[in-house]
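Visitor: Structure in structure tokens, see below.
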Amino acid sequence: MTFFIVSIIKSAVVAFVLLTALAYLQWAERKVLAHIQLRVGPRRVGPHGLLQPLADVIKLITKEDMMPSHVDKFFWFLAPFIAVLFALIPIAVIPFGTELNLPAIDFGPVHIPAIQTAMQLTDINIGVLFILGISGLGVYGVALAGWSSNNKYSLLGGLRSSAQMISYELPMALAIVAPLLVLNTLSFRGIVDGQSGFMLGFLPKWTIFQVFPFNLLSFILFMIAAFAETNRVPFDLPEAENELVAGFHTEYGSMKFAAFFMAEYCNMVTVSCVATLLFLGGWHPPFPAEYGSNYVPSLVLIGAGILSFLHGANPARPFDRITLPVFGVVFFGLAGLIAIPAVALPLMPVIWFSAKACFILFVYIWVRGTLPRFRYDQLMSFAWTFMFPIAIVNLFLTGLWVALS
Amino acid sequence: MDALLFMIFAAIAVVCAINLVVQRHPISSALSLVGVMGALAALYLLLGGEFIAAAQLVVYAGAIMVLFVFVIMLLNAGTEARGRRGWAHYAGVPLLLLLFGLIACLITRRMPASEDVVFGQFTKGGPLDIGRALFTTYLLPFEVTSVLILVAILGAIVLARKEID
């Protein structure tokens, strides 16, 4: 019984955090892109546009749900559901931290037993394969949307997307296999546990630092393939707006469009989490706790608070005089909260994990603001004649290293 | 619980398989086949074949069927035209029942009794056991299969390449 209640609570927490993160990822993307292009980005709704995701959601829900006349109705309705379903499922096997130990609570008649649970929905021993399998199914959403829209632009988008996802799945799988050879397990928890500890006392035993430089190469290959798998710039051919209007979701509006949008961002989050777990040591800090890695989050937050106060005292826009000091106070409060050992110890793994995943998400946005789009034939020849041979040679050399050592 | 899940996924597999034959549009048929593959993966998982289940999802549902759908979309295959229903259409039903009866009869005669299959008893389906079996006991068939696939790839390249003068 406790198991079921704990599972339901965990699922609710993960779903809430994930969906909120998706909404704010979009806000972060618009802000970062704007600053890369020397603009300020959304700042009308709420302080610094912080309520923009909420406004967007309300806008998308209340929009008229158009139904084009020539679509294949059944598959046209099914496609967004498939896309968002197979984007949300993989988060179930992603671990966010070590174990959570809650003491028993006796509060009058209420008795809550002590709970020991992993910070993860479920740990299965084929976790990596599960993610590969489920994310491989996500392509049906895009392909079906393109086909059932009965529109040449949509069809081209759907075709491009399925060809691209099949092609890049191979180098991605080969790049994943290389660290698995070193770590010897397919369970995500086992993978992260295999990366604990430090070499020479300071260099973390993350996969990218082991079997140098082959696993670093695997990481780069994985990231390139992941950009293609999630249909992001520079591989966003399926929705290239200057050639294909909006690609596979041209005919979709309101919440159906939002479903595709959500699926894309959710895939980004999943890929970032997988990259963190497989290559960047999951929740292990980049340097040992003896050198004070537990204080880094507090120090970063204090720095952010001081910056906010400085900018608030010398505001660029009139409203900043009020909002920035408020942010500063919030940052200081969080810094103080995290500095308390009782709060910090269970939270520290989650903080490191999210920091790494957020860094990869930032790289996604950074690349979008930097690189132009591939041409379609370049995209295909890049996958098959460049990435695929390199991934195979890399896998072979990693295997040789593992066999010899 | 296991028996209930088995019934659900078996029912899904059978319904999808019938739908595959009944549907007239190739895309609907292909997607029904994806449903069959997914239900089969769930059945493998129930029987303890974790690796096989994942491989079923990755290879069949995730790669091969995507290629099917891709080709159907690329060729823009339309709805299949059905001709007049001949005598075969009606004779087929009793013959089909006969076939099913024969298969059921054979299975009950030849195969071990149903009590021998216990959900959750088989625990050697993980990646480790499969890999060990594949690279020790069944090494020769495994390597022969890979040579076979290599031959198939070469054949596909020869058939598909452009003539070079």
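Order determines the names: the first chain of the structure tokens is A, the second B, and so forth; residues in each chain are numbered 1 upward, and ligands are numbered 1 upward as they are shown.
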Please find the residues of chain A near chain B - the criterion being any atom within 9 Å, counting only C-alpha atoms - and write them as a ChimeraX atom specification.

Guide: /A:75,125-126,129-130,132-140,143-144,147,155,158-159,162-163,166,169,185-186

Visitor: Going by DSSP on the backbone, which bits of chain B are helix (DSSP H, G or I)? Write them as an MDAnalysis selection string, please.

Guide: chainID B and resid 2:22 26:47 50:75 87:110 114:116 127:135 139:160

Visitor: Need to verify the contact set: stretch 63-74 of chain A, 9 Å, only C-alpha atoms, exclusion of same-chain residues closer than 6 positions in sequence. Can you return it as a VMD selection string?

Guide: chain A and resid 147 to 151 251 to 256

Visitor: Keeping only N, CA and C atoms, write the selected residues to a file as a tab-separated table (two decimals), in the first residue's frame.

Guide:
```
chain	number	residue	atom	x	y	z
A	147	TRP	N	1.87	12.94	-43.04
A	147	TRP	CA	1.13	12.21	-44.07
A	147	TRP	C	-0.36	12.56	-44.04
A	148	SER	N	-0.95	12.56	-42.81
A	148	SER	CA	-2.40	12.69	-42.74
A	148	SER	C	-2.86	14.11	-43.03
A	149	SER	N	-1.96	15.10	-42.99
A	149	SER	CA	-2.38	16.46	-43.26
A	149	SER	C	-2.76	16.66	-44.72
A	150	ASN	N	-2.33	15.74	-45.61
A	150	ASN	CA	-2.70	15.81	-47.01
A	150	ASN	C	-2.26	17.13	-47.63
A	151	ASN	N	-0.99	17.43	-47.45
A	151	ASN	CA	-0.47	18.74	-47.82
A	151	ASN	C	0.98	18.50	-48.20
A	251	GLU	N	-0.58	22.11	-40.66
A	251	GLU	CA	-2.04	22.12	-40.60
A	251	GLU	C	-2.58	22.08	-39.18
A	252	TYR	N	-1.70	22.12	-38.19
A	252	TYR	CA	-2.17	21.98	-36.81
A	252	TYR	C	-2.25	23.34	-36.13
A	253	GLY	N	-3.26	23.49	-35.27
A	253	GLY	CA	-3.39	24.73	-34.51
A	253	GLY	C	-3.76	24.42	-33.09
A	254	SER	N	-3.86	25.44	-32.29
A	254	SER	CA	-4.25	25.40	-30.87
A	254	SER	C	-3.53	24.28	-30.11
A	255	MET	N	-4.24	23.46	-29.35
A	255	MET	CA	-3.55	22.52	-28.45
A	255	MET	C	-2.85	21.40	-29.22
A	256	LYS	N	-3.30	21.09	-30.45
A	256	LYS	CA	-2.61	20.04	-31.20
A	256	LYS	C	-1.23	20.51	-31.60
```

Visitor: How many Å lie between atom CA of B:Cys16 and atom CA of A:Ala79, rounded to one decimal?

Guide: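 Answer for the atom CA of B:Cys16 to atom CA of A:Ala79 separation: 17.9 Å.
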
Visitor: Have a look at A:Asn184, A:Thr62, A:Asn101, A:Ser7 and name the one nearest to B:Gly131; count only C-alpha atoms.

Guide: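 The answer is A:Asn184, which sits nearest to B:Gly131.
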
Visitor: If I take atom CA of A:Ser196 and atom CA of A:Tyr364, how far is one from the other in Å, to one decimal?

Guide: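 Going from atom CA of A:Ser196 over to atom CA of A:Tyr364, I get 26.6 Å.
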
Visitor: Rounded to one decimal place, report the atom CA of A:Gln26-atom CA of A:Thr323 distance in Å.

Guide: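 Rounded to one decimal, the two atoms are 21.4 Å apart.
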
Visitor: If we count only C-alpha atoms, what is near A:Leu301 at a cut-off of 10 Å, once residues fewer than 4 positions away on the same chain are taken out, given as a compact mmCIF listing (two decimals) with N, CA and C atoms, in the first residue's frame?

Guide:
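Below is the file that was written, around-v6.txt:
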```
# COMPACT_ATOMS: atom_id res chain seq x y z
N VAL A 296 29.00 25.03 -3.61
CA VAL A 296 28.97 25.73 -4.90
C VAL A 296 27.58 26.30 -5.22
N PRO A 297 26.48 25.51 -5.07
CA PRO A 297 25.17 26.08 -5.39
C PRO A 297 24.87 27.34 -4.58
N GLY A 305 22.40 36.81 -6.52
CA GLY A 305 21.71 37.80 -5.70
C GLY A 305 22.42 39.14 -5.71
N ILE A 306 23.78 39.11 -5.55
CA ILE A 306 24.55 40.36 -5.55
C ILE A 306 24.40 41.07 -6.89
N LEU A 307 24.48 40.29 -7.98
CA LEU A 307 24.33 40.87 -9.32
C LEU A 307 22.97 41.55 -9.46
N GLY A 328 16.85 39.37 -6.06
CA GLY A 328 18.04 39.23 -5.22
C GLY A 328 17.70 38.61 -3.88
N VAL A 330 15.15 36.71 -3.21
CA VAL A 330 14.80 35.31 -3.42
C VAL A 330 16.05 34.47 -3.56
N PHE A 331 17.03 34.97 -4.33
CA PHE A 331 18.28 34.22 -4.52
C PHE A 331 18.99 34.03 -3.18
N PHE A 332 19.06 35.10 -2.35
CA PHE A 332 19.72 34.99 -1.05
C PHE A 332 19.00 33.97 -0.18
N GLY A 333 17.66 34.02 -0.22
CA GLY A 333 16.89 33.07 0.59
C GLY A 333 17.18 31.63 0.19
N LEU A 334 17.21 31.38 -1.16
CA LEU A 334 17.50 30.03 -1.63
C LEU A 334 18.90 29.61 -1.23
N ALA A 335 19.85 30.55 -1.33
CA ALA A 335 21.23 30.24 -0.96
C ALA A 335 21.29 29.82 0.50
N GLY A 336 20.58 30.57 1.36
CA GLY A 336 20.57 30.22 2.78
C GLY A 336 19.92 28.87 3.02
N ILE A 338 19.76 26.31 0.96
CA ILE A 338 20.60 25.20 0.50
C ILE A 338 21.82 25.03 1.42
```

Visitor: DSSP on the backbone, then: every residue of stretch 43-118 of chain A marked strand (DSSP E), written as a list of chain:residue names.

Guide: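 Here is the list: A:Glu99, A:Leu100, A:Asn101, A:Leu102, A:Ile105, A:Asp106, A:Phe107, A:Val110, A:His111, A:Ile112, A:Ile115, A:Gln116, A:Thr117, A:Ala118.
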
Visitor: Which of these residues is nearest to B:Val15, using only C-alpha atoms: B:Thr79, B:Thr145, B:Thr137, B:Ser32?

Guide: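 Once distances to B:Val15 are computed over only C-alpha atoms, the minimum belongs to B:Ser32.
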
Visitor: So that I can check the surroundings of stretch 171-174 of chain A, please list as a VMD selection string every protein, DNA and RNA residue that reaches within 9 Å of it, counting only C-alpha atoms and ignoring chain neighbours fewer than 4 positions away.

Guide: chain A and resid 132 167 178 218 221 to 226 229 383 to 384 387 to 392 394 to 395

Visitor: May I have the selected residues written with N, CA and C atoms, as a PDB file, in the first residue's frame?

Guide:
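This went into part.pdb:
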```pdb
ATOM      1  N   LEU A 132      15.859   4.079 -25.860  1.00  0.00           N
ATOM      2  CA  LEU A 132      16.077   4.005 -27.311  1.00  0.00           C
ATOM      3  C   LEU A 132      14.805   3.537 -28.008  1.00  0.00           C
ATOM      4  N   SER A 167      18.232   7.543 -39.812  1.00  0.00           N
ATOM      5  CA  SER A 167      19.661   7.635 -40.102  1.00  0.00           C
ATOM      6  C   SER A 167      20.466   7.957 -38.861  1.00  0.00           C
ATOM      7  N   ALA A 178      29.567   2.727 -26.641  1.00  0.00           N
ATOM      8  CA  ALA A 178      30.950   2.870 -26.184  1.00  0.00           C
ATOM      9  C   ALA A 178      31.058   3.066 -24.663  1.00  0.00           C
ATOM     10  N   SER A 218      32.749   9.861 -28.254  1.00  0.00           N
ATOM     11  CA  SER A 218      31.386   9.307 -28.199  1.00  0.00           C
ATOM     12  C   SER A 218      30.401  10.369 -27.755  1.00  0.00           C
ATOM     13  N   LEU A 221      29.721  12.719 -30.605  1.00  0.00           N
ATOM     14  CA  LEU A 221      28.869  12.043 -31.593  1.00  0.00           C
ATOM     15  C   LEU A 221      27.439  11.944 -31.084  1.00  0.00           C
ATOM     16  N   PHE A 222      27.304  11.590 -29.794  1.00  0.00           N
ATOM     17  CA  PHE A 222      25.971  11.451 -29.217  1.00  0.00           C
ATOM     18  C   PHE A 222      25.236  12.778 -29.271  1.00  0.00           C
ATOM     19  N   MET A 223      25.920  13.863 -28.933  1.00  0.00           N
ATOM     20  CA  MET A 223      25.244  15.160 -28.926  1.00  0.00           C
ATOM     21  C   MET A 223      24.806  15.556 -30.331  1.00  0.00           C
ATOM     22  N   ILE A 224      25.672  15.313 -31.335  1.00  0.00           N
ATOM     23  CA  ILE A 224      25.302  15.669 -32.711  1.00  0.00           C
ATOM     24  C   ILE A 224      24.068  14.870 -33.126  1.00  0.00           C
ATOM     25  N   ALA A 225      24.115  13.544 -32.862  1.00  0.00           N
ATOM     26  CA  ALA A 225      22.982  12.703 -33.241  1.00  0.00           C
ATOM     27  C   ALA A 225      21.732  13.106 -32.469  1.00  0.00           C
ATOM     28  N   ALA A 226      21.906  13.522 -31.214  1.00  0.00           N
ATOM     29  CA  ALA A 226      20.751  13.898 -30.410  1.00  0.00           C
ATOM     30  C   ALA A 226      20.095  15.159 -30.966  1.00  0.00           C
ATOM     31  N   GLU A 229      18.058  13.883 -33.734  1.00  0.00           N
ATOM     32  CA  GLU A 229      16.916  13.102 -33.291  1.00  0.00           C
ATOM     33  C   GLU A 229      15.799  13.992 -32.772  1.00  0.00           C
ATOM     34  N   ALA A 383      25.495  11.998 -41.942  1.00  0.00           N
ATOM     35  CA  ALA A 383      25.190  10.866 -41.064  1.00  0.00           C
ATOM     36  C   ALA A 383      25.886   9.602 -41.541  1.00  0.00           C
ATOM     37  N   TRP A 384      25.784   9.305 -42.841  1.00  0.00           N
ATOM     38  CA  TRP A 384      26.203   7.979 -43.300  1.00  0.00           C
ATOM     39  C   TRP A 384      27.671   7.904 -43.647  1.00  0.00           C
ATOM     40  N   MET A 387      29.604  10.425 -39.710  1.00  0.00           N
ATOM     41  CA  MET A 387      29.380  10.022 -38.320  1.00  0.00           C
ATOM     42  C   MET A 387      29.398   8.510 -38.130  1.00  0.00           C
ATOM     43  N   PHE A 388      28.770   7.798 -39.062  1.00  0.00           N
ATOM     44  CA  PHE A 388      28.655   6.351 -38.900  1.00  0.00           C
ATOM     45  C   PHE A 388      30.021   5.659 -38.874  1.00  0.00           C
ATOM     46  N   PRO A 389      30.925   5.911 -39.858  1.00  0.00           N
ATOM     47  CA  PRO A 389      32.250   5.276 -39.792  1.00  0.00           C
ATOM     48  C   PRO A 389      33.017   5.665 -38.539  1.00  0.00           C
ATOM     49  N   ILE A 390      32.952   6.952 -38.162  1.00  0.00           N
ATOM     50  CA  ILE A 390      33.683   7.384 -36.972  1.00  0.00           C
ATOM     51  C   ILE A 390      33.157   6.678 -35.742  1.00  0.00           C
ATOM     52  N   ALA A 391      31.821   6.553 -35.660  1.00  0.00           N
ATOM     53  CA  ALA A 391      31.238   5.889 -34.484  1.00  0.00           C
ATOM     54  C   ALA A 391      31.680   4.431 -34.428  1.00  0.00           C
ATOM     55  N   ILE A 392      31.750   3.756 -35.584  1.00  0.00           N
ATOM     56  CA  ILE A 392      32.151   2.337 -35.577  1.00  0.00           C
ATOM     57  C   ILE A 392      33.610   2.205 -35.153  1.00  0.00           C
ATOM     58  N   ASN A 394      35.351   4.273 -33.409  1.00  0.00           N
ATOM     59  CA  ASN A 394      35.429   4.664 -32.006  1.00  0.00           C
ATOM     60  C   ASN A 394      35.000   3.520 -31.098  1.00  0.00           C
ATOM     61  N   LEU A 395      33.903   2.858 -31.504  1.00  0.00           N
ATOM     62  CA  LEU A 395      33.424   1.718 -30.720  1.00  0.00           C
ATOM     63  C   LEU A 395      34.467   0.607 -30.703  1.00  0.00           C
TER      64      LEU A 395
END
```
